[in-house]
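Some notes on the structure that comes next.
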Amino acid sequence: MQKKTILTGLQPSGALHLGNYFGSILPNLELSQKHEKSIIFLADLHALNSIQDKKKLKEYTLDLATSLLACGLNPEHTLMFKQSDVPAHSELSWILSTITPMGLLERSHAYKDKKAKGQEATAGLFGYPILMASDILLYSPDLVPVGKDQKQHVEITRDLANKFNHIYGGSTLKAPEPVISEEVGVVPGIDGAKMSKSYNNTIPLFGTPKEIQKRVMQIVTDSKGVNDIKDPNTCNIFALAKLFLSEEECKQLAKKYTTGTIGYGDAKKLLFSAIEKYMTPFWEKYTELKNNPQYVLDILEKSANTANSIANRHIEKIKKRVGLLS
Ligand code: ADP
Ligand code: TRP
């Protein structure tokens, strides 16, 4: 096990899908198992930028915690808490905002994309990278695993840590390294575009088996018949099946495609059984946890207590550095 601390945050912004699992949850859980200390927090303050409905925010946050536990997060090893349960995140965010140049935020992709789409950008969205920098710098992690789209935010975090240390002296804030998982490609949705909750093309991670089967049967294919020769590399069913099948099983399926011995209907059935085989233990754990929300809430509370003690110690040092505390 590597003697490093990893930290990442996940936004509770809706029902999770297979793209979230393979693109974010699985690589994060694998990485946390390899490192001595790991922190995965639920970024509910960030989610306020898009979820402005109290019932939904509460539901998505508990559901994200439940899903992470069902997927194998070990709460004895990984701290999993709600960002809003640790007030020091917001406190550091204000302190850092006073040294953040406007130009740095104006260059942020998340803000630029929203503006380019003609949507109203709030101060919350504009200042998002500062809150994210605070989330990270409070805990001094070595590594921050994120998707490619978040790399710029980790670079902003490094800039702010260095600027703070330069202004106030010492090495109070530690610039972290981003870890970008390149090998996980984009998981396609049932229409072949990137699977995303915004495109209504998802296969849910924790639907009922019936719901999931229905979505699998809706995967879009070309109109080739059972005995036609098919190209596995351009087929959405095959792209999803690859995530669940062993190398040998993949080879066998590819051969059926290229020899015209499987129809799309049967390929979908095969994909559903592979999903079912892989996911059944997670689904069972999820149902068990859904029936015992207090267990999940207790883990969040216990982790928040530990996180508060780490964060409070550090924010105290930071406040001393800037002259807010003596
Ligand atoms: P959505 O596109 O459904 O709104 P999010 O933006 O909330 O998903 O994604 C959360 C994380 O899940 C992202 O950081 C990204 O790494 C991962 N992710 C989402 N969709 C996919 C996908 N189709 N393929 C791979 N990774 C994905
Ligand atoms: N911005 C990240 C996302 O949208 C979530 C996040 C918030 C985060 N704070 C973080 C990720 C700190 C890593 C570290 O996916």
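Scheme for the structure tokens: letters A, B, ... for chains in order shown; per-chain residue numbers from 1; ligand numbers from 1 in order shown.
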Please check which protein, DNA or RNA residues sit within 6 Å of ligand 2, counting only C-alpha atoms and all ligand atoms, and write them as a PyMOL selection string.
chain A and resi 8-11+43+132+135-136+144+146
Store the residues picked out above, limited to N, CA, C and O atoms, as a compact mmCIF listing (two decimals), in the first residue's frame.
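Saved as out12.txt:
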```txt
# COMPACT_ATOMS: atom_id res chain seq x y z
N THR A 8 -10.89 12.93 -3.25
CA THR A 8 -11.72 13.37 -4.36
C THR A 8 -13.13 13.68 -3.87
O THR A 8 -13.51 13.28 -2.76
N GLY A 9 -13.86 14.44 -4.68
CA GLY A 9 -15.23 14.79 -4.32
C GLY A 9 -16.15 14.38 -5.45
O GLY A 9 -15.77 14.42 -6.62
N LEU A 10 -17.35 13.94 -5.09
CA LEU A 10 -18.34 13.57 -6.11
C LEU A 10 -19.60 14.37 -5.83
O LEU A 10 -20.05 14.46 -4.69
N GLN A 11 -20.16 14.94 -6.89
CA GLN A 11 -21.37 15.75 -6.70
C GLN A 11 -22.62 14.88 -6.64
O GLN A 11 -22.81 14.04 -7.52
N ALA A 43 -19.94 16.28 -2.51
CA ALA A 43 -19.80 17.72 -2.72
C ALA A 43 -21.18 18.40 -2.84
O ALA A 43 -21.59 18.85 -3.89
N MET A 132 -13.52 24.41 -4.70
CA MET A 132 -12.87 23.12 -4.96
C MET A 132 -11.42 23.13 -4.45
O MET A 132 -10.95 22.14 -3.89
N ASP A 135 -11.63 22.59 -0.76
CA ASP A 135 -11.92 21.17 -0.44
C ASP A 135 -10.63 20.38 -0.39
O ASP A 135 -10.45 19.48 0.43
N ILE A 136 -9.75 20.69 -1.34
CA ILE A 136 -8.51 19.92 -1.48
C ILE A 136 -7.47 20.38 -0.44
O ILE A 136 -6.93 19.58 0.32
N VAL A 144 -5.05 13.85 -6.32
CA VAL A 144 -6.47 14.14 -6.49
C VAL A 144 -6.96 13.50 -7.80
O VAL A 144 -6.70 14.02 -8.88
N VAL A 146 -9.34 12.83 -10.69
CA VAL A 146 -10.49 13.54 -11.27
C VAL A 146 -10.64 13.16 -12.75
O VAL A 146 -9.69 12.67 -13.36
```
Please identify all protein, DNA and RNA residues within 8 Å of ligand 1, counting only C-alpha atoms and all ligand atoms, and report them as a PyMOL selection string.
chain A and resi 10-14+16-25+146-150+184-189+194-199+202
For those residues, write N, CA and C atoms to a file as a tab-separated table (two decimals), in the first residue's frame.
```
chain	number	residue	atom	x	y	z
A	10	LEU	N	-17.35	13.94	-5.09
A	10	LEU	CA	-18.34	13.57	-6.11
A	10	LEU	C	-19.60	14.37	-5.83
A	11	GLN	N	-20.16	14.94	-6.89
A	11	GLN	CA	-21.37	15.75	-6.70
A	11	GLN	C	-22.62	14.88	-6.64
A	12	PRO	N	-23.46	15.10	-5.63
A	12	PRO	CA	-24.73	14.36	-5.60
A	12	PRO	C	-25.73	15.05	-6.53
A	13	SER	N	-25.63	14.76	-7.83
A	13	SER	CA	-26.47	15.56	-8.73
A	13	SER	C	-27.49	14.74	-9.51
A	14	GLY	N	-27.74	13.49	-9.11
A	14	GLY	CA	-28.80	12.72	-9.77
A	14	GLY	C	-28.54	11.23	-9.66
A	16	LEU	N	-27.29	7.66	-10.35
A	16	LEU	CA	-26.03	7.23	-10.98
A	16	LEU	C	-26.30	6.25	-12.13
A	17	HIS	N	-25.41	6.28	-13.11
A	17	HIS	CA	-25.54	5.36	-14.25
A	17	HIS	C	-24.23	4.61	-14.47
A	18	LEU	N	-24.24	3.70	-15.44
A	18	LEU	CA	-23.04	2.87	-15.68
A	18	LEU	C	-21.83	3.72	-16.07
A	19	GLY	N	-22.06	4.86	-16.73
A	19	GLY	CA	-20.95	5.77	-17.09
A	19	GLY	C	-20.27	6.30	-15.84
A	20	ASN	N	-21.06	6.68	-14.84
A	20	ASN	CA	-20.50	7.17	-13.58
A	20	ASN	C	-19.71	6.08	-12.88
A	21	TYR	N	-20.24	4.85	-12.96
A	21	TYR	CA	-19.57	3.75	-12.27
A	21	TYR	C	-18.19	3.48	-12.88
A	22	PHE	N	-18.15	3.26	-14.20
A	22	PHE	CA	-16.87	2.89	-14.82
A	22	PHE	C	-15.94	4.10	-14.99
A	23	GLY	N	-16.51	5.30	-15.11
A	23	GLY	CA	-15.67	6.48	-15.35
A	23	GLY	C	-15.20	7.14	-14.07
A	24	SER	N	-15.89	6.90	-12.96
A	24	SER	CA	-15.54	7.65	-11.76
A	24	SER	C	-15.51	6.77	-10.50
A	25	ILE	N	-16.61	6.08	-10.20
A	25	ILE	CA	-16.67	5.35	-8.92
A	25	ILE	C	-15.63	4.23	-8.87
A	146	VAL	N	-9.34	12.83	-10.69
A	146	VAL	CA	-10.49	13.54	-11.27
A	146	VAL	C	-10.64	13.16	-12.75
A	147	GLY	N	-11.80	13.46	-13.31
A	147	GLY	CA	-12.01	13.29	-14.75
A	147	GLY	C	-11.23	14.39	-15.48
A	148	LYS	N	-11.02	14.16	-16.80
A	148	LYS	CA	-10.24	15.12	-17.61
A	148	LYS	C	-10.78	16.54	-17.49
A	149	ASP	N	-12.11	16.64	-17.41
A	149	ASP	CA	-12.75	17.97	-17.37
A	149	ASP	C	-12.42	18.75	-16.10
A	150	GLN	N	-11.90	18.04	-15.08
A	150	GLN	CA	-11.63	18.72	-13.80
A	150	GLN	C	-10.15	19.05	-13.60
A	184	VAL	N	-9.93	4.73	-18.94
A	184	VAL	CA	-11.38	4.55	-19.04
A	184	VAL	C	-11.88	5.49	-20.12
A	185	GLY	N	-12.34	4.90	-21.18
A	185	GLY	CA	-12.88	5.74	-22.26
A	185	GLY	C	-14.26	6.24	-21.88
A	186	VAL	N	-14.92	6.81	-22.84
A	186	VAL	CA	-16.28	7.28	-22.60
A	186	VAL	C	-17.23	6.09	-22.73
A	187	VAL	N	-18.06	5.88	-21.73
A	187	VAL	CA	-19.04	4.80	-21.79
A	187	VAL	C	-20.23	5.29	-22.63
A	188	PRO	N	-20.59	4.55	-23.68
A	188	PRO	CA	-21.69	5.03	-24.52
A	188	PRO	C	-23.05	4.77	-23.89
A	189	GLY	N	-24.00	5.63	-24.19
A	189	GLY	CA	-25.38	5.44	-23.75
A	189	GLY	C	-26.12	4.54	-24.72
A	194	LYS	N	-22.28	9.77	-25.63
A	194	LYS	CA	-21.76	9.61	-24.27
A	194	LYS	C	-22.93	9.40	-23.29
A	195	MET	N	-22.84	8.38	-22.45
A	195	MET	CA	-23.91	8.18	-21.48
A	195	MET	C	-23.92	9.35	-20.50
A	196	SER	N	-25.06	10.02	-20.39
A	196	SER	CA	-25.14	11.19	-19.52
A	196	SER	C	-26.58	11.41	-19.09
A	197	LYS	N	-26.76	11.83	-17.81
A	197	LYS	CA	-28.13	12.04	-17.35
A	197	LYS	C	-28.81	13.15	-18.15
A	198	SER	N	-28.02	14.02	-18.79
A	198	SER	CA	-28.61	15.11	-19.58
A	198	SER	C	-29.16	14.62	-20.92
A	199	TYR	N	-28.76	13.42	-21.37
A	199	TYR	CA	-29.19	12.97	-22.71
A	199	TYR	C	-30.28	11.90	-22.68
A	202	THR	N	-29.31	6.82	-20.44
A	202	THR	CA	-28.52	6.09	-19.44
A	202	THR	C	-29.06	4.68	-19.16
```
Between atom CA of A:Tyr111 and atom CA of A:Phe126, what is the distance, to one decimal in Å?
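Rounded to one decimal, the two atoms are 5.9 Å apart.
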Could you check which of A:Ile310, A:Leu270, A:Ala15, A:Val226 is closest to A:Asn200, using only C-alpha atoms?
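The shortest atom-to-atom distance to A:Asn200 comes from A:Ala15.
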Could you go through stretch 92-243 of chain A and tell me which residues DSSP, when run on the backbone, assigns to alpha helix (DSSP H), listing them as a VMD selection string?
chain A and resid 92 to 97 102 to 106 109 to 116 123 to 126 128 to 137 151 to 168 209 to 217 236 to 243
What's around A:Met102 at 12 Å? Count only C-alpha atoms, leave out sequence neighbours fewer than 3 positions away in its own chain, and write the answer as a VMD selection string.
chain A and resid 97 to 99 105 to 108 123 126 to 127 129 to 130 156
Of the residues A:Lys3, A:Lys317, A:Lys112, A:Lys210, which is the one nearest to A:Tyr168, using only C-alpha atoms?
A:Lys317
From the DSSP assignment of the backbone, select every residue of stretch 52-283 of chain A that is strand (DSSP E), and format the answer as a ChimeraX atom specification.
/A:78-79,143-146,177-180
Write out as a compact mmCIF listing (two decimals) with N, CA, C and O atoms, in the first residue's frame which residues come within 8 Å of A:Val154 when counting only C-alpha atoms, dropping same-chain ones fewer than 5 positions away.
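Wrote around35.txt, looks like this:
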```txt
# COMPACT_ATOMS: atom_id res chain seq x y z
N ALA A 133 -10.75 24.25 -4.62
CA ALA A 133 -9.38 24.36 -4.10
C ALA A 133 -9.39 24.22 -2.58
O ALA A 133 -8.53 23.55 -1.99
N VAL A 144 -5.05 13.85 -6.32
CA VAL A 144 -6.47 14.14 -6.49
C VAL A 144 -6.96 13.50 -7.80
O VAL A 144 -6.70 14.02 -8.88
N PRO A 176 -1.31 19.83 -4.66
CA PRO A 176 -1.47 18.40 -4.94
C PRO A 176 -1.22 18.08 -6.42
O PRO A 176 -1.16 18.98 -7.25
N GLU A 177 -1.08 16.78 -6.72
CA GLU A 177 -0.96 16.33 -8.11
C GLU A 177 -2.32 15.78 -8.56
O GLU A 177 -2.93 15.00 -7.83
N PRO A 178 -2.76 16.13 -9.78
CA PRO A 178 -3.99 15.48 -10.27
C PRO A 178 -3.68 14.08 -10.77
O PRO A 178 -2.55 13.80 -11.18
```
Given the choices A:Gly124, A:Pro101, A:Gly265, A:Pro75, which gets closest to A:Ala47 if the distance is worked out from only C-alpha atoms?
A:Gly124
Applying 8 Å and only C-alpha atoms, which residues near A:Lys174 remain after dropping the ones on its own chain fewer than 3 positions away? List them as an NGL selection string.
:A and (137 or 140-141 or 158 or 161-162 or 171)
Excluding same-chain residues fewer than 2 positions from A:Gln213, what lies within 12 Å of it counting only C-alpha atoms, as a list in words?
Ile190, Ile203, Pro204, Leu205, Phe206, Gly207, Thr208, Pro209, Lys210, Glu211, Arg215, Val216, Met217, Gln218, Ile219, Gly265, Lys268, Lys269, Leu270, Leu271, Phe272, Ser273, Ala274, Ile275 and Glu276 of chain A
Using C-alpha atoms, can you write the selected residues to a file as a PDB file, in the first residue's frame?
```pdb
ATOM      1  CA  ILE A 190     -28.158   3.390 -25.336  1.00  0.00           C
ATOM      2  CA  ILE A 203     -28.590   2.600 -18.015  1.00  0.00           C
ATOM      3  CA  PRO A 204     -29.038   3.116 -14.267  1.00  0.00           C
ATOM      4  CA  LEU A 205     -26.561   1.618 -11.864  1.00  0.00           C
ATOM      5  CA  PHE A 206     -29.218   0.755  -9.304  1.00  0.00           C
ATOM      6  CA  GLY A 207     -32.499   0.322 -11.178  1.00  0.00           C
ATOM      7  CA  THR A 208     -34.540  -2.852 -10.729  1.00  0.00           C
ATOM      8  CA  PRO A 209     -33.316  -5.698 -12.957  1.00  0.00           C
ATOM      9  CA  LYS A 210     -36.497  -5.239 -15.019  1.00  0.00           C
ATOM     10  CA  GLU A 211     -35.798  -1.527 -15.606  1.00  0.00           C
ATOM     11  CA  ARG A 215     -32.998  -0.121 -21.192  1.00  0.00           C
ATOM     12  CA  VAL A 216     -30.650  -2.788 -22.572  1.00  0.00           C
ATOM     13  CA  MET A 217     -33.333  -3.919 -25.025  1.00  0.00           C
ATOM     14  CA  GLN A 218     -33.636  -0.267 -26.192  1.00  0.00           C
ATOM     15  CA  ILE A 219     -29.963  -0.019 -27.264  1.00  0.00           C
ATOM     16  CA  GLY A 265     -31.573  -9.478 -29.804  1.00  0.00           C
ATOM     17  CA  LYS A 268     -28.638  -7.766 -25.821  1.00  0.00           C
ATOM     18  CA  LYS A 269     -29.730 -10.783 -23.766  1.00  0.00           C
ATOM     19  CA  LEU A 270     -26.097 -11.761 -23.315  1.00  0.00           C
ATOM     20  CA  LEU A 271     -25.230  -8.192 -22.242  1.00  0.00           C
ATOM     21  CA  PHE A 272     -28.058  -8.118 -19.713  1.00  0.00           C
ATOM     22  CA  SER A 273     -26.964 -11.423 -18.133  1.00  0.00           C
ATOM     23  CA  ALA A 274     -23.389 -10.104 -17.927  1.00  0.00           C
ATOM     24  CA  ILE A 275     -24.599  -6.909 -16.214  1.00  0.00           C
ATOM     25  CA  GLU A 276     -26.786  -8.949 -13.886  1.00  0.00           C
TER      26      GLU A 276
END
```
Using only C-alpha atoms, I'd like a table of the residues in stretch 53-154 of chain A that come within 10 Å of stretch 163-166 of chain A; for each, show the closest atom pair and its distance in Å rounded to one decimal, ordered by chain and ascending number, as a Markdown table.
```
| residue | atom | partner | partner_atom | distance |
| --- | --- | --- | --- | --- |
| A:Ile95 | CA | A:Phe164 | CA | 9.7 |
| A:Leu96 | CA | A:Phe164 | CA | 7.8 |
| A:Ile99 | CA | A:Phe164 | CA | 7.3 |
| A:Thr100 | CA | A:Lys163 | CA | 8.8 |
```
Rank nothing, just name the residue among A:Ile229, A:Leu92, A:Ile39, A:Ile51 nearest to A:Ile262, using only C-alpha atoms.
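Distance minimum relative to A:Ile262 lands on A:Ile229.
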Measuring between only C-alpha atoms, which one of A:Leu297, A:Ala88, A:Leu325, A:Ala241 shows the shortest distance to A:Leu69?
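Selected residue with least distance to A:Leu69: A:Leu297.
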Using only C-alpha atoms, find the one residue out of A:Pro281, A:Gly103, A:Pro87, A:Pro293 that sits nearest to A:Leu45.
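Selected residue with least distance to A:Leu45: A:Pro87.
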Straight-line distance linking atom CA of A:Lys117 with atom CA of A:Ile180, stated in Å to one decimal:
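Taking atom CA of A:Lys117 as the start and atom CA of A:Ile180 as the end point, the length is 26.4 Å.
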